[in-house]
Structure formats: structure tokens, C-alpha cells
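Quick notes on the structure that follows.
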Amino acid sequence: MVIGLTLVLALAPQIKAQEPQWVARPLPALQEFRSNDGVASVVLEAREQTVQIDGITFDAMIYNGDYAGPLIRVHPGDLLNVRLVNHLHESTNIHFHGYQGSPLGPSDNMHILVDPGETFDYSVRIPLTQPPGLYWFHSHVHHDAERQVMRGLSGTLIVEGTTDEFPALKGIKEQVLVFKEDRLVTSDDALVNQYFHRYIRTMSGALFSQIAMRPGETQLWRIANEGADQPLRLVLKGHTFRIIGRDGSATTREIETDELRIDPAGRVDALVDAGDAGTYELSSPGVYTGSGKVRPLGVVQVSGIAATGIQKQEEFPLTVDLRAATIDARRTVVMTQNPAEGEYYLDGKLFNHARVDTRVPLGNVEEWLIRNDTNDYHTFHIHQVSFQVVEINGVAASFDGRRDTVEIPVHGTVKIRMAFSDPLILGEFMYHCHILEHEDKGMMATIEVYDPASEPASRPADP
Ligand code: C2O
Ligand code: CU
Ligand code: CU
């Protein structure tokens, strides 16, 4: 919630960059919707609105008055009905990121555009095969996606079932941490300009929050980077993260790390052990950090009656290892750019919605080499399917599970494998760089998965 959280600032008028005196408030709760009897009915009213977050006022574009965005909880097999009411002065739409169902009709269809003043009813069937985990949804209007997502037009989707995959987690306390970022280029707020370098990063709609844990307790932190352009780095002082899921899919083992790095659009499910009573700083090192090297995000307050933690997880849901698969086709996707012209390309081309760039017969298991021919940071994302990373810069990658978003190193390559086997995904959808600035400026392409039984395999991709 964006409402009523004021920040106590040790900021005298007209003084230069000075660190605010943070007062941690409890992590704001997200506006939550749940499915009932197999149906989730959600109304999203998109509006331009001025929001106030911890004393900073800015112009946002948000669903239902909440900058953090709603949280929708569904189960595999459910029908997700979303009525999008567009009160904006521009067109918008919704993409369900990580969704492995249909890209046709009123589902996760990128040809839908909802004009100002219009209403559209999305009807999205969650496949029974959709992996339980953390997903999100966001506006996906070519040329406007970066701005609309930055201003707030995104929300979080949880496909329930993680505690069935990991029975030891039954009853575990969840923290859903939704990260957004916005460049407040037009702000004349001294704090924004001088402390925040015009760049704010919020966690569940607040700049500085307190997360409560009990000594010895283990919590499940579900962390979504819903930022438009920036990777998210996350550190909890004196603690590690035990990763059990990425991009909605369970990993193949617990991956323990001191610092999380989550690409834009990426998600992580991680177990966090509270340890001993105390106050521990949660922060984000690196990019646009304000006056220091690290941007504080809040504290974890460990206190109260001791709880029993959760042991290291040894049993993981089975994921097919595609390293052993027979490959039906190999393709290369090349990322190049001309920032001076504001142009970013896939395979030398700017996005054109009227063109199909890649045609794949249903049933193919493919290996794609994604090559970054630039000095810039890029990420690769594809709709409707998840992939297994098998090689990074020519070096074999360990089998950690599936992803739907991956960083492509500067002047480097990543090899991925994916199975286009589910008839639910027949139709056209997108692959692109998920740095939305680049996507808006052309670094996106259309793929069509077709049924080889009813269409000639020889129809070439459009030029
Ligand atoms: Cu979140 Cu086309 O992507
Ligand atoms: Cu997507
Ligand atoms: Cu990019």
C-alpha cells in the first residue's frame, strides 16, 4: 500500500545530499486476490495517479490505486479472469510473464491492445502443467512498456503448489517481496535528486521496511524483480539465501548464496534462516545506489519466541534434463544495437509486429545460441516456454532447473534448450531482451509455433 507511510527525514531545507534517517515500518501488505472453486476474478483499474511513498511524491500509473501492484494466487487448472479497465490516456495491455498456456484469443495474447477508456476481459486458463511458483504480469505495449512498467503497471502472480513439492514447507511464513524501480527524471524533490540520484527502488511499495522473524525460524522469501531495466542485487547482513526456485520453476537442488542477483523480470524463491535475535540490514549493493555504495531497503528484526527452522531440502521435483534430449533444430539469435539512433536489434532487425521471425513446428526440442555482440547488458526472455541454460560463454552450465529470463554476458553467448511440445502454446508469441528500454527500441521478435500436421513445414519465416 502506498498510503500513509511517512518517512522521518533528517533533511533540512536546501542542504546537499544527506542520508535520510530511516524509520522502518512493517513491510506493506499487497492487495491480494485468490481463486475460488477454480476461478479467480480480478478487476484491474489502470490509472495515472500521483502516489506518495515514504515522503516522496511522484506520478505513477498503477492498478487499483496501489503502486506495489496486486498479488493474485491461483492453482494449476484454474481459470484466471482479469478485467482490465483502462482509465489511462494511452493504450495498455497485459502479458502474463512465465505463463505456459495459450497465446491466442483473450489469453496471453500480445496482439491485444486496450485503448484509453476501454475495458478488456482476459480469460487465462492456468495449465495443469504450469509449474507452481512465482510469476508476474505487466504491460507489454511496444514503445511504451518501459515507461508503463516503471510507473507501476505490474503485479505478482503465484501459482500455488510449492508446499506440495516441498512438504517440509507446509505452514511456512511467506514474504512476497516485489521490487520496482522508477527514474524520477522530472522530480524537483531535493531528496530524490541528491540522495536517490533520481532513481528509486521500492520493495512492496515502500523504500524502507521491517520484516519480522523469530529466532531460529525459516521463512520462504518470494522475490520478484519487476523493475523495467535494472538487475537487482540483494544482501541480508549475516545471512544467506537458500534458493529453491527460479522464474517459477523449482531448482534441482538448494543453491546457497550470500548475495542474490536477479535479472530484470527474474524471480527467486529462497529459504531464509533467521538465526539469532537481532536487527539485520537488508540492502541492495551496486547500481544507482544513492550517496553510498549500497541502497538500504530495510531491516530484518529477529525477536520473540524461538521457532524451529527447516532443514536443507534434499528432494526436488523432477525436471527433465534437456542435455540428454535429441535436438530437432539449432538457431542463433544475435543482439546488436545502435544507441545513438535509439535502435536495438535481434538478428539485425527492429521489431515488426507484422512479421513472423521464427517458425517452430510443435514437438521440436531446440537449442538456441543467444549472442550478445555489444558492450551492453542484455537479458533474453521468451514467452510461453521455459528453458534450460546449458552453456555460458562456451562453458557447460550445471543443471539447475528451468528459467525464463537469463543475462547474456557482454560480447558473450548463452546456449539454451527448450521443448516446444505442449499444444497449448500453438500460435504467435514473443522473445526479446527484458531490459524494456531495449525491447521498446526494437530488440524483440515474433515466434510462431505451428502444428506440422496441419501446416506445410516449408512455409518460410517472413523475410
Ligand atoms: Cu515479461 Cu515479453 O515479457
Ligand atoms: Cu514474458
Ligand atoms: Cu537489451
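Going through the C-alpha cells in order, the chains are called A, B, and so on, while each chain numbers its residues from 1 and the ligands are numbered from 1 in the order shown.
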Checklist entry - Hey, what's within 9 Å of Thr413 in chain A if we count only C-alpha atoms and toss same-chain stuff fewer than 4 positions away? As a list of chain:residue names, please? => result A:Leu369, A:Ile370, A:Arg371, A:Asn372, A:Asp373, A:Glu391, A:Ile392, A:Asn393, A:Gly394, A:Ile408, A:Pro409
Item to check | Expected answer as a ChimeraX atom specification: residues within 7 Å of ligand 1, only C-alpha atoms and all ligand atoms | outcome: /A:95,97,137-138,140,265,381-383,430-432,434
Export, as a compact mmCIF listing (two decimals), in the first residue's frame, the selected residues with N, CA and C atoms.
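What landed in selection-v8.txt:
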```txt
# COMPACT_ATOMS: atom_id res chain seq x y z
N HIS A 95 0.64 -8.79 -20.20
CA HIS A 95 1.32 -10.06 -20.51
C HIS A 95 1.52 -10.81 -19.19
N HIS A 97 3.77 -13.07 -17.51
CA HIS A 97 5.17 -13.47 -17.70
C HIS A 97 5.44 -14.84 -17.07
N PHE A 137 2.90 -10.22 -13.92
CA PHE A 137 2.26 -9.76 -15.16
C PHE A 137 2.53 -8.27 -15.30
N HIS A 138 2.54 -7.82 -16.55
CA HIS A 138 2.92 -6.42 -16.75
C HIS A 138 2.44 -5.94 -18.11
N HIS A 140 2.68 -4.57 -21.83
CA HIS A 140 3.60 -5.05 -22.86
C HIS A 140 3.31 -4.34 -24.18
N ALA A 265 12.88 -8.88 -14.52
CA ALA A 265 11.82 -9.85 -14.82
C ALA A 265 12.07 -11.21 -14.18
N HIS A 381 14.58 -13.28 -22.92
CA HIS A 381 13.34 -13.84 -22.37
C HIS A 381 12.47 -14.33 -23.52
N ILE A 382 11.78 -15.44 -23.31
CA ILE A 382 10.81 -15.92 -24.29
C ILE A 382 9.50 -16.24 -23.58
N HIS A 383 8.39 -15.93 -24.24
CA HIS A 383 7.07 -16.21 -23.68
C HIS A 383 6.73 -17.69 -23.84
N MET A 430 6.30 -13.92 -28.30
CA MET A 430 7.48 -13.07 -28.43
C MET A 430 8.71 -13.66 -27.76
N TYR A 431 9.87 -13.26 -28.26
CA TYR A 431 11.10 -13.36 -27.48
C TYR A 431 11.82 -12.02 -27.62
N HIS A 432 12.52 -11.63 -26.56
CA HIS A 432 13.08 -10.27 -26.55
C HIS A 432 14.07 -10.07 -25.43
N HIS A 434 14.75 -8.40 -22.01
CA HIS A 434 13.80 -7.91 -20.99
C HIS A 434 14.29 -6.65 -20.29
```
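Our summary of the geometry notes that CA of His378 in chain A is positioned 14.0 Å from CA of Gly227 in chain A.
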Checklist entry - If you count only C-alpha atoms, which residues fall within 9 Å of Ile94 in chain A, apart from same-chain ones fewer than 4 positions away, as an MDAnalysis selection string? => result chainID A and resid 84 108:110 112:113 122 137:141 153:154
Residues just named, written with N, CA, C and O atoms as an mmCIF file, in the first residue's frame:
```
data_model
loop_
_atom_site.group_PDB
_atom_site.id
_atom_site.type_symbol
_atom_site.label_atom_id
_atom_site.label_comp_id
_atom_site.auth_asym_id
_atom_site.auth_seq_id
_atom_site.Cartn_x
_atom_site.Cartn_y
_atom_site.Cartn_z
ATOM 1 N N LEU A 84 -9.466 -5.787 -17.403
ATOM 2 C CA LEU A 84 -8.574 -4.621 -17.405
ATOM 3 C C LEU A 84 -9.382 -3.394 -17.825
ATOM 4 O O LEU A 84 -9.909 -3.346 -18.940
ATOM 5 N N ASP A 108 -3.030 -14.979 -23.098
ATOM 6 C CA ASP A 108 -1.773 -14.214 -23.033
ATOM 7 C C ASP A 108 -1.371 -13.794 -24.449
ATOM 8 O O ASP A 108 -0.343 -14.208 -24.964
ATOM 9 N N ASN A 109 -2.190 -12.949 -25.042
ATOM 10 C CA ASN A 109 -2.119 -12.651 -26.475
ATOM 11 C C ASN A 109 -1.547 -11.254 -26.689
ATOM 12 O O ASN A 109 -2.148 -10.245 -26.322
ATOM 13 N N MET A 110 -0.371 -11.205 -27.313
ATOM 14 C CA MET A 110 0.341 -9.932 -27.448
ATOM 15 C C MET A 110 -0.228 -9.041 -28.551
ATOM 16 O O MET A 110 0.256 -7.935 -28.748
ATOM 17 N N ILE A 112 -3.291 -8.057 -28.369
ATOM 18 C CA ILE A 112 -4.359 -7.282 -27.717
ATOM 19 C C ILE A 112 -3.802 -5.926 -27.281
ATOM 20 O O ILE A 112 -2.728 -5.836 -26.690
ATOM 21 N N LEU A 113 -4.568 -4.890 -27.576
ATOM 22 C CA LEU A 113 -4.224 -3.547 -27.141
ATOM 23 C C LEU A 113 -5.531 -2.936 -26.620
ATOM 24 O O LEU A 113 -6.540 -2.962 -27.324
ATOM 25 N N TYR A 122 -9.650 -10.419 -20.020
ATOM 26 C CA TYR A 122 -8.722 -11.530 -20.250
ATOM 27 C C TYR A 122 -9.282 -12.783 -19.593
ATOM 28 O O TYR A 122 -9.876 -12.717 -18.511
ATOM 29 N N PHE A 137 2.896 -10.225 -13.921
ATOM 30 C CA PHE A 137 2.261 -9.762 -15.161
ATOM 31 C C PHE A 137 2.532 -8.272 -15.296
ATOM 32 O O PHE A 137 2.748 -7.571 -14.304
ATOM 33 N N HIS A 138 2.545 -7.822 -16.549
ATOM 34 C CA HIS A 138 2.915 -6.416 -16.754
ATOM 35 C C HIS A 138 2.436 -5.941 -18.109
ATOM 36 O O HIS A 138 2.105 -6.746 -18.986
ATOM 37 N N SER A 139 2.411 -4.634 -18.270
ATOM 38 C CA SER A 139 2.012 -4.086 -19.560
ATOM 39 C C SER A 139 3.097 -4.402 -20.580
ATOM 40 O O SER A 139 4.278 -4.538 -20.244
ATOM 41 N N HIS A 140 2.681 -4.565 -21.827
ATOM 42 C CA HIS A 140 3.596 -5.054 -22.863
ATOM 43 C C HIS A 140 3.306 -4.336 -24.176
ATOM 44 O O HIS A 140 3.210 -4.954 -25.232
ATOM 45 N N VAL A 141 3.184 -3.013 -24.086
ATOM 46 C CA VAL A 141 2.901 -2.219 -25.282
ATOM 47 C C VAL A 141 4.242 -1.810 -25.881
ATOM 48 O O VAL A 141 5.032 -1.118 -25.231
ATOM 49 N N LEU A 153 2.865 -0.296 -13.682
ATOM 50 C CA LEU A 153 1.859 -1.222 -14.226
ATOM 51 C C LEU A 153 2.359 -2.664 -14.267
ATOM 52 O O LEU A 153 2.684 -3.210 -15.324
ATOM 53 N N SER A 154 2.427 -3.267 -13.087
ATOM 54 C CA SER A 154 2.723 -4.687 -12.985
ATOM 55 C C SER A 154 2.120 -5.227 -11.710
ATOM 56 O O SER A 154 1.757 -4.475 -10.804
#
```
Next on the checklist: What's around Val390 in chain A at 9 Å? Count only C-alpha atoms, leave out sequence neighbours fewer than 5 positions away in its own chain, and write the answer as a PyMOL selection string.
Outcome noted: chain A and resi 322-323+395-399+414-417
Just write the chosen residues, N, CA and C atoms, as an mmCIF file, in the first residue's frame.
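To be explicit, this is the file written out as out.cif:
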```cif
data_model
loop_
_atom_site.group_PDB
_atom_site.id
_atom_site.type_symbol
_atom_site.label_atom_id
_atom_site.label_comp_id
_atom_site.auth_asym_id
_atom_site.auth_seq_id
_atom_site.Cartn_x
_atom_site.Cartn_y
_atom_site.Cartn_z
ATOM 1 N N LEU A 322 17.367 -31.458 -20.236
ATOM 2 C CA LEU A 322 17.363 -31.401 -21.703
ATOM 3 C C LEU A 322 18.755 -31.598 -22.314
ATOM 4 N N ARG A 323 19.761 -31.739 -21.480
ATOM 5 C CA ARG A 323 21.092 -32.021 -22.032
ATOM 6 C C ARG A 323 21.095 -33.375 -22.732
ATOM 7 N N VAL A 395 31.142 -22.528 -21.887
ATOM 8 C CA VAL A 395 31.421 -23.439 -20.780
ATOM 9 C C VAL A 395 30.115 -24.105 -20.341
ATOM 10 N N ALA A 396 30.143 -25.414 -20.211
ATOM 11 C CA ALA A 396 28.931 -26.157 -19.834
ATOM 12 C C ALA A 396 28.393 -25.644 -18.499
ATOM 13 N N ALA A 397 27.073 -25.447 -18.432
ATOM 14 C CA ALA A 397 26.433 -24.980 -17.198
ATOM 15 C C ALA A 397 25.882 -26.177 -16.434
ATOM 16 N N SER A 398 25.865 -26.071 -15.106
ATOM 17 C CA SER A 398 25.284 -27.149 -14.315
ATOM 18 C C SER A 398 23.763 -27.146 -14.515
ATOM 19 N N PHE A 399 23.125 -28.269 -14.254
ATOM 20 C CA PHE A 399 21.682 -28.389 -14.446
ATOM 21 C C PHE A 399 20.976 -27.920 -13.178
ATOM 22 N N VAL A 414 25.096 -17.390 -24.567
ATOM 23 C CA VAL A 414 24.426 -18.347 -23.699
ATOM 24 C C VAL A 414 23.677 -19.318 -24.602
ATOM 25 N N LYS A 415 23.845 -20.609 -24.318
ATOM 26 C CA LYS A 415 23.127 -21.632 -25.086
ATOM 27 C C LYS A 415 21.995 -22.164 -24.219
ATOM 28 N N ILE A 416 20.802 -22.177 -24.785
ATOM 29 C CA ILE A 416 19.651 -22.676 -24.031
ATOM 30 C C ILE A 416 18.973 -23.797 -24.829
ATOM 31 N N ARG A 417 18.245 -24.642 -24.093
ATOM 32 C CA ARG A 417 17.444 -25.680 -24.755
ATOM 33 C C ARG A 417 16.013 -25.569 -24.259
#
```
